[in-house]
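Notes follow the structure.
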Amino acid sequence: MSAASGYLLQTPEALLEVAEQAVVHARRIGADATTATANEFAGTAIKVREGAAISSVRDGGHALAITVFKDGRTGRANTEALDRASVGLAVEQAYAIACEVEADPDAGLAELAWLATEADEVPLFAPSGRTPTMLTDVALEIERLAIDHAANHKASVRVDEASAASADMYWACVQSNGFARAAGASIQSRGCVAIATRDGEMVRNWWHSADRRDECLSSSSLIAGEAVERAINGLGGRALPTQSAPVMLDARVAGSLVGELVSGLTGHAQHQRSTFLAGAAGSRRLADHLDLMEDPFVPFGLASRAWDGEGVASIARAVVSAGVVSGYFLDARSARKLGMVPTGNADGPGNLTFSSRLASPCDDRAAMIRKMGRGLLVTEFLGGGVNPTTGSYSKAAAGFWIEHGSIAYPVRDITIAGALPDMLVGIVSVGQDVYRQGAIGTGSILIDTMRIAGR
Amino acid sequence: MNAERSSPLPAVRARLLEPHELDDSALATALAAATGKGTDFADLYFETTTRETWRLEDQRVTSGGYSVSQGVGVRAIAGDRTALAYSSNISPMALTTTVRAARDMQARGLDARAAGGAPVFRTPAGVQALYESEDIVQGRQAADKVALIQDLDRRARTADPRIAHVMAQLRLTQSLILVAASDGTLEADIRPLLRVDLTVIAEQNGKVSRGSAGLGGRYGFDGLTEDRLARLVKRATTTALVNLDARPAPAGVMPVVLGRGFPGVLLHEAVGHGLEGDAHRTRSSVFADHMGTAIAAAGLTVVDDGTLPGAAGSLNIDDEGTAAERTVLIDKGRLTGLMQDKLNARLMNQRSTGNARRASYAQLPMPRMTNTFLEAGPHDPREIIASVEKGIYAVEFGGGTVDITSGRFNFSSTQAYLIERGRITAPLSGATLIGVGHEALKHISLVGNDLSLDDGEAVCGKEGQTVVVGVGQPTIRIDEMVVGGAG
């Protein structure tokens with residue numbers, strides 16, 4: 001493994017050449033416009049149990065995605081074979097499909113003015129240099145630390161699985177309008193799944209850490225400890241009587257609520273009006289102390305990028321400001337449909353931070369629990385559904401009942417339900433205990449009231 | 001169609017191996033290199049999957065896509081330790097490199113130098129023919145495919161004036177797979193999969209709602225019967241229209257009547273996952289301590305059956321080359337069967353039940369469900385609804401999840417109604433229903449005589465791998481279940 005390119009076998013230049021080849025071929029056979037993205041990813045993923053690697057996977061592959069436009073009609077093709085003949089064939093397949101479909105006046109490449117021709121790359125590439133043996137040792141260490149940690153408790157705990165993985169990727173995008181850029185990224189992850197047993201009851205829980213840089217991952221002991229603690233804490237949980245009560249979403253699961261807000265603000269949902277937030281731009285849809293900021297330029301951020309899959313330059317901005325929706329997440333086509341400008345979100349949101357203007361620096365988790373006083377602290381979602389169009393919300397949850405500002409007992413076998421439009425307006429507080437998972441960072445979110453179904 | 005036919009091996013070999021200068025002896029040599037001292041088992045999984053997608057939005061089919069995914073996965077197993085390496089190149093050199101990579105991953109602590117013997121492949125006997133093997137991707141003109149989703153758009157918009165938007169998608173997939181293993185297995189399969197998805201948006205007096213439905217199976221265009229298409233449109237439009245007037249679902253414990261077909265996702269979550277062999281070998285399933293015991297009324301029988309002709313979850317052979325079969329999971333209320341792959345079966349001294357499945361050559365096989373359903377009972381569905389004093393009747397669901405260790409499961413309704421004094425009275429917003437697997441089934445008191453499988457739209461996720469499955473049941477009454485409504 002070379003230090004410079006991590007697990008990867010190809011260079012960004014080679015991928016640019018493959019994408020360029022596709023664009024040239026498409027032009028030759030009659031396409032009006034073409035975009036081609038070639039990528040390579042490679043890595044190693046290890047899972048251990050009882051002191052041995054139970055699964056060792058060497059990941060690696062490459063692919064080319066082509067989109068051709070002909071008279072407003074769109075054809076796409078993907079191929080995992082990157083030899084000249086296969087690339088040519090894929091281009092011809094995409095073109096053949098474009099010839100069969102109908103025209104969409106809003107389809108096409110992004111306008112030149114929107115493209116990231118100058119913007120600097122955001123650093124995302126940080127190969128770990130970890131061999132399979134090294135990753136196995138890390139996973140074994142997590143397992144050992146979890147067993148040590150469990151020894152301090154009365155409950156019997158075993159480790160179902162500990163894992164360590166590392167991967168690198170390059171991608172190169174070439175468009176017929178002259179855009180040609182390549183970038184790379186790395187991703188490291190560690191995890192632990194623990195099963196706690198007491199009086200015939202088994203509770204499984206887990207913890208994990210993901211980061212672009214190996215040295216920025218949570219420590220093995222933190223991951224092991226969290227998994228064990230979370231499994232033990234779930235033992236002896238009980239249902240609540242059906243009631244309405246304040247609900248606080250722990251920072252570690254609160255990102256899902258922000259995610260539901262984001263889904264309603266995507267260009268596709270707005271264009272189809274298939275969201276409870278249809279036409280929300282410019283109107284107050286959240287409590288007036290709430291902000292949602294997007295910053296795609298954070299070095300080594302999990303959702304950082306200088307340009308999206310359409311080559312559009314990323315922007316840092318407020319998506320929600322003082323409760324007022326100020327923008328959508330747009331790709332080129334949905335922007336045209338809505339008469340707007342794309343926001344560089346063809347690949348989803350950049351790093352988001354959800355916060356409250358009322359938060360004080362000492363609003364940590366304990367302070368947030370005191371602030372709620374009495375109600376349900378949700379630490380886990382087991383499943384459930386949201387109707388994105390009506391905003392009807394109902395999820396299976398588990399956590400703790402809070403009395404007099406502190407934890408009274410673990411809760412499970414309940415659901416929480418409400419209507420998203422009311423929940424967003426009913427957010428009372430967002431903590432400073434920020435937890436970031438993927439694109440979304442938020443503190444614990446306290447909601448004034450929700451319907452809890454239990455016994 | 002459920003007849004035996006000669007193995008598709010020659011046809012698959014001609015597509016997957018011969019163009020890349022590979023033959024059976026090259027596979028035997030590769031397997032010899034992949035096995036050896038300490039390694040019990042190795043297999044090679046060759047795959048080429050071709051997929052075509054057509055999309056309609058705003059009354060026009062404005063885009064389509066074509067993709068080819070192909071490669072080989074090499075797996076080496078020592079005890080319970082599995083190594084996987086794969087390559088999207090199929091060639092003698094790529095095979096050698098990939099075998100070495102798998103071997104290197106496995107070799108930690110083992111002697112990697114001694115190679116095992118080359119297997120002698122068994123000649124495949126006649127195989128099940130649960131689906132046709134002709135190419136459903138290339139089998140029709142593009143114009144027919146475009147016309148099909150245009151027709152669905154027209155049907156949905158004319159079903160009711162309140163239907164404002166329609167999105168439809170047609171996906172045609174053909175997979176050719178070939179498995180060669182150190183135990184002498186050499187099998188192949190050609191798997192068609194057709195899938196249609198329809199989403200509609202209804203609008204009335206400023207209120208907006210949506211409905212979705214899917215249709216699919218291992219069949220070609222001929223399988224898209226008028227009945228199936230009409231039902232697809234009916235399901236999507238009804239869900240959207242009913243939700244325009246829906247009131248919040250009630251909250252708390254109450255009787256629940258589940259409709260036939262897709263609501264059988266209950267069995268998939270409450271029972272199915274907890275009976276997959278891997279979870280029993282590692283004793284992480286709550287059912288590990290309940291095998292052989294009664295967990296439901298004597299009238300309840302639940303099976304996993306991979307041999308239903310044309311069903312989305314059916315397989316002539318599984319992804320380890322074992323013939324799919326019918327496994328009784330709950331026999332007259334008693335927990336009986338496990339679904340097994342080769343690895344878990346061997347370590348548990350059982351036999352594989354043909355449930356090994358992998359999402360692609362790039363992922364490891366695991367024990368997975370095929371088509372899982374509750375057998376029919378004696379009751380008229382109308383009588384079941386009439387038996388409820390106050391409760392809910394749920395007919396469409398979005399999906400569900402389960403924690404196999406505790407048995408806790410949930411699934412979310414998208415079309416539901418209030419039952420009052422034995423009659424359906426008002427539409428309800430979607431709600432999540434929750435329960436505990438080994439307890440919930442005890443509360444099933446009435447089983448209908450109207451068993452059906454879902455329409456071929458179910459998919460199942462496990463450890464990041466998604467595969468197509470079937471779920472099903474007749475109408476059933478559950479006396480007690482937590483309904484997570486907002487009302």
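As shown in the structure tokens, the chain order sets the letters A, B, ...; within each chain, residues go from 1, and ligands are also counted from 1 in the order they appear.
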Spatial neighbours of Cys99 in chain A, max dist 8 Å, only C-alpha atoms, sep filter under 3 positions, as a ChimeraX atom specification:
/A:70,73,75,95-96
What lies within 10 Å of Gln473 in chain B using only C-alpha atoms, ignoring chain neighbours under 6 positions off, as a PyMOL selection string?
chain B and resi 258-267+302+372-377+447-454
Shell of 7 Å around range 178-190 of chain B, only C-alpha atoms, local chain residues under 5 positions omitted, as a CSV table (one decimal) with N, CA, C and O atoms, in the first residue's frame:
```csv
chain,number,residue,atom,x,y,z
B,8,PRO,N,-29.3,-24.4,-16.1
B,8,PRO,CA,-28.9,-23.3,-16.9
B,8,PRO,C,-27.4,-23.2,-17.0
B,8,PRO,O,-26.9,-22.2,-17.6
B,9,LEU,N,-26.6,-24.1,-16.3
B,9,LEU,CA,-25.2,-24.0,-16.2
B,9,LEU,C,-24.5,-23.7,-17.6
B,9,LEU,O,-23.7,-22.8,-17.7
B,12,VAL,N,-25.1,-20.1,-18.6
B,12,VAL,CA,-24.4,-19.1,-17.8
B,12,VAL,C,-22.9,-19.1,-18.0
B,12,VAL,O,-22.3,-18.1,-18.0
B,31,LEU,N,-10.1,-22.7,-6.6
B,31,LEU,CA,-10.6,-23.1,-5.3
B,31,LEU,C,-9.5,-23.9,-4.5
B,31,LEU,O,-9.4,-23.8,-3.3
B,41,PHE,N,-13.5,-24.4,3.8
B,41,PHE,CA,-14.4,-24.2,2.7
B,41,PHE,C,-14.1,-22.9,1.9
B,41,PHE,O,-13.6,-22.0,2.5
B,42,ALA,N,-14.3,-23.0,0.6
B,42,ALA,CA,-14.1,-21.8,-0.2
B,42,ALA,C,-15.1,-21.8,-1.3
B,42,ALA,O,-15.5,-22.9,-1.7
B,43,ASP,N,-15.6,-20.7,-1.7
B,43,ASP,CA,-16.4,-20.6,-2.9
B,43,ASP,C,-16.2,-19.4,-3.8
B,43,ASP,O,-15.6,-18.4,-3.3
B,44,LEU,N,-16.5,-19.5,-5.0
B,44,LEU,CA,-16.4,-18.5,-6.0
B,44,LEU,C,-17.8,-18.1,-6.5
B,44,LEU,O,-18.6,-19.0,-6.8
B,45,TYR,N,-18.1,-16.9,-6.5
B,45,TYR,CA,-19.5,-16.4,-6.9
B,45,TYR,C,-19.3,-15.5,-8.0
B,45,TYR,O,-18.9,-14.3,-7.9
B,46,PHE,N,-19.7,-15.9,-9.2
B,46,PHE,CA,-19.6,-15.0,-10.4
B,46,PHE,C,-21.0,-14.5,-10.7
B,46,PHE,O,-22.0,-15.2,-10.5
B,47,GLU,N,-21.1,-13.2,-11.0
B,47,GLU,CA,-22.4,-12.5,-11.2
B,47,GLU,C,-22.3,-11.5,-12.3
B,47,GLU,O,-21.3,-10.8,-12.4
B,119,PRO,N,-11.3,-29.4,-6.1
B,119,PRO,CA,-12.6,-30.2,-6.0
B,119,PRO,C,-12.9,-30.8,-7.3
B,119,PRO,O,-12.5,-30.3,-8.3
B,120,VAL,N,-13.7,-31.9,-7.2
B,120,VAL,CA,-14.3,-32.4,-8.4
B,120,VAL,C,-15.8,-32.0,-8.4
B,120,VAL,O,-16.5,-32.2,-7.4
B,121,PHE,N,-16.2,-31.2,-9.3
B,121,PHE,CA,-17.5,-30.7,-9.3
B,121,PHE,C,-18.6,-31.7,-9.6
B,121,PHE,O,-18.4,-32.6,-10.5
B,122,ARG,N,-19.7,-31.6,-8.9
B,122,ARG,CA,-20.8,-32.5,-9.2
B,122,ARG,C,-21.5,-32.0,-10.4
B,122,ARG,O,-21.6,-30.8,-10.6
B,124,PRO,N,-24.6,-30.8,-12.2
B,124,PRO,CA,-25.9,-30.4,-11.7
B,124,PRO,C,-27.0,-31.3,-12.2
B,124,PRO,O,-27.0,-31.7,-13.4
B,133,SER,N,-36.3,-18.2,-18.0
B,133,SER,CA,-34.9,-17.8,-18.0
B,133,SER,C,-34.6,-16.8,-19.2
B,133,SER,O,-33.5,-16.5,-19.4
B,316,ASN,N,-34.4,-20.5,-7.6
B,316,ASN,CA,-34.2,-21.9,-8.0
B,316,ASN,C,-33.1,-22.5,-7.1
B,316,ASN,O,-33.3,-23.6,-6.6
B,317,ILE,N,-32.0,-21.8,-7.0
B,317,ILE,CA,-30.9,-22.2,-6.0
B,317,ILE,C,-30.6,-20.9,-5.2
B,317,ILE,O,-30.8,-19.8,-5.7
B,320,GLU,N,-25.5,-20.0,-2.5
B,320,GLU,CA,-24.4,-21.0,-2.3
B,320,GLU,C,-24.7,-22.2,-3.2
B,320,GLU,O,-24.0,-23.2,-3.1
B,321,GLY,N,-25.7,-22.1,-4.1
B,321,GLY,CA,-25.9,-23.2,-5.0
B,321,GLY,C,-26.8,-24.3,-4.4
B,321,GLY,O,-27.0,-25.4,-5.0
```
For Val18 in chain A, work out the shell of residues within 8 Å, counting only C-alpha atoms and skipping chain neighbours fewer than 3 positions away, then give it as a list in words.
Ala14, Leu15, Gln21, Ala22, Ala38, Leu82 and Val87 of chain A
Suppose we keep N, CA, C and O atoms; can you now write the selection as a JSON list (two decimals), in the first residue's frame?
```
[["chain", "number", "residue", "atom", "x", "y", "z"],
["A", 14, "ALA", "N", -6.02, 9.03, -14.05],
["A", 14, "ALA", "CA", -6.53, 7.90, -14.85],
["A", 14, "ALA", "C", -8.05, 7.91, -14.89],
["A", 14, "ALA", "O", -8.66, 7.62, -15.92],
["A", 15, "LEU", "N", -8.67, 8.28, -13.77],
["A", 15, "LEU", "CA", -10.14, 8.32, -13.72],
["A", 15, "LEU", "C", -10.66, 9.47, -14.59],
["A", 15, "LEU", "O", -11.68, 9.33, -15.28],
["A", 21, "GLN", "N", -12.93, 10.13, -21.91],
["A", 21, "GLN", "CA", -13.18, 9.20, -23.01],
["A", 21, "GLN", "C", -14.69, 9.05, -23.28],
["A", 21, "GLN", "O", -15.14, 9.07, -24.41],
["A", 22, "ALA", "N", -15.46, 8.94, -22.19],
["A", 22, "ALA", "CA", -16.91, 8.77, -22.32],
["A", 22, "ALA", "C", -17.54, 10.02, -22.93],
["A", 22, "ALA", "O", -18.41, 9.93, -23.81],
["A", 38, "ALA", "N", -16.23, 8.97, -13.03],
["A", 38, "ALA", "CA", -15.57, 7.69, -12.79],
["A", 38, "ALA", "C", -15.11, 7.68, -11.35],
["A", 38, "ALA", "O", -14.66, 8.71, -10.84],
["A", 82, "LEU", "N", -14.19, -0.70, -16.97],
["A", 82, "LEU", "CA", -13.72, 0.61, -17.44],
["A", 82, "LEU", "C", -12.81, 0.52, -18.67],
["A", 82, "LEU", "O", -12.16, 1.50, -19.03],
["A", 87, "VAL", "N", -16.69, 1.15, -21.89],
["A", 87, "VAL", "CA", -17.07, 2.56, -21.75],
["A", 87, "VAL", "C", -17.87, 2.99, -22.98],
["A", 87, "VAL", "O", -18.93, 3.62, -22.86]]
```
Range 269-280 of chain A surroundings by only C-alpha atoms, 6 Å radius, close-in-sequence under 6 positions cut, as a list in words
Pro388, Thr389, Thr390 and Gly391 of chain A
Would you export the selected residues with all heavy atoms as an mmCIF file, in the first residue's frame, please?
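After the write, result-v5.cif holds the following:
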```cif
data_model
loop_
_atom_site.group_PDB
_atom_site.id
_atom_site.type_symbol
_atom_site.label_atom_id
_atom_site.label_comp_id
_atom_site.auth_asym_id
_atom_site.auth_seq_id
_atom_site.Cartn_x
_atom_site.Cartn_y
_atom_site.Cartn_z
ATOM 1 N N PRO A 388 -44.172 11.969 4.801
ATOM 2 C CA PRO A 388 -43.492 13.215 4.445
ATOM 3 C C PRO A 388 -44.455 14.271 3.896
ATOM 4 O O PRO A 388 -44.153 15.450 3.938
ATOM 5 C CB PRO A 388 -42.467 12.799 3.385
ATOM 6 C CG PRO A 388 -42.968 11.498 2.850
ATOM 7 C CD PRO A 388 -43.749 10.847 3.948
ATOM 8 N N THR A 389 -45.593 13.831 3.404
ATOM 9 C CA THR A 389 -46.529 14.763 2.786
ATOM 10 C C THR A 389 -47.421 15.448 3.823
ATOM 11 O O THR A 389 -47.609 16.658 3.793
ATOM 12 C CB THR A 389 -47.393 14.026 1.748
ATOM 13 O OG1 THR A 389 -46.520 13.303 0.886
ATOM 14 C CG2 THR A 389 -48.221 14.993 0.938
ATOM 15 N N THR A 390 -47.939 14.659 4.759
ATOM 16 C CA THR A 390 -48.817 15.253 5.775
ATOM 17 C C THR A 390 -48.042 15.644 7.034
ATOM 18 O O THR A 390 -48.518 16.430 7.836
ATOM 19 C CB THR A 390 -49.899 14.247 6.207
ATOM 20 O OG1 THR A 390 -49.249 13.104 6.761
ATOM 21 C CG2 THR A 390 -50.747 13.814 5.020
ATOM 22 N N GLY A 391 -46.835 15.069 7.204
ATOM 23 C CA GLY A 391 -46.060 15.347 8.410
ATOM 24 C C GLY A 391 -46.489 14.506 9.599
ATOM 25 O O GLY A 391 -45.978 14.678 10.698
#
```
Go through A:Ile29, A:Leu290, A:Ala417, A:Val434 one by one, measure the shortest atom-to-atom distance of each to chain B using only C-alpha atoms, and give the residue with the smallest value.
A:Ala417
Among listed residues A:Leu302, A:Val262, A:Ala107, A:Val174, nearest Phe329 in chain A (using only C-alpha atoms):
A:Val262
Per residue of range 332-382 of chain A within 12 Å of range 391-406 of chain B, record the nearest atom pair and its distance in Å to one decimal, counting only C-alpha atoms, with rows in chain order and ascending residue number, as JSON lines.
```
{"residue": "A:Glu380", "atom": "CA", "partner": "B:Asp403", "partner_atom": "CA", "distance": 12.0}
{"residue": "A:Phe381", "atom": "CA", "partner": "B:Thr401", "partner_atom": "CA", "distance": 10.6}
{"residue": "A:Leu382", "atom": "CA", "partner": "B:Thr401", "partner_atom": "CA", "distance": 7.2}
```
Give me a file of those residues, with C-alpha atoms, as a PDB file, in the first residue's frame.
```pdb
ATOM      1  CA  GLU A 380     -33.111   5.229  20.787  1.00  0.00           C
ATOM      2  CA  PHE A 381     -35.454   4.950  17.817  1.00  0.00           C
ATOM      3  CA  LEU A 382     -36.300   1.358  16.941  1.00  0.00           C
TER       4      LEU A 382
END
```
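Minimum distance to Asp151 in chain B across B:Glu226, B:Glu203, B:Asp80, B:Asp104 (counting only C-alpha atoms) occurs at B:Glu226.
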How would you write, as JSON, numbers by chain, the set of residues in range 126-209 of chain B that DSSP gives as strand (DSSP E)?
{"B": [127, 128, 129, 163, 164, 165, 166, 167, 168, 169, 170, 171, 172, 173, 174, 175, 176, 177, 178, 179, 180, 181, 186, 187, 188, 189, 190, 191, 192, 193, 194, 195, 196, 197, 198, 199, 200, 201, 202, 203, 204, 207, 208, 209]}
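Considering the residues A:Gly441, A:Gly418, A:Pro410, A:Gly43 and counting only C-alpha atoms, Ser189 in chain A has its shortest atom-to-atom contact with A:Gly43.
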Excluding range 165-171 of chain B and residues on its chain fewer than 5 positions from it, collect all residues at most 10 Å away from it, counting only C-alpha atoms, and give them as a PyMOL selection string.
(chain A and resi 272-274) or (chain B and resi 51-61+64-66+137+145-146+148-150+152-157+193-203+210-216+236-237)
Compile the contact shell of Phe125 in chain A as a ChimeraX atom specification: residues with an atom at most 12 Å away, counting only C-alpha atoms, same-chain residues fewer than 6 positions apart removed.
/A:3-8,166-171,182-188,211-214,299-302,304-305
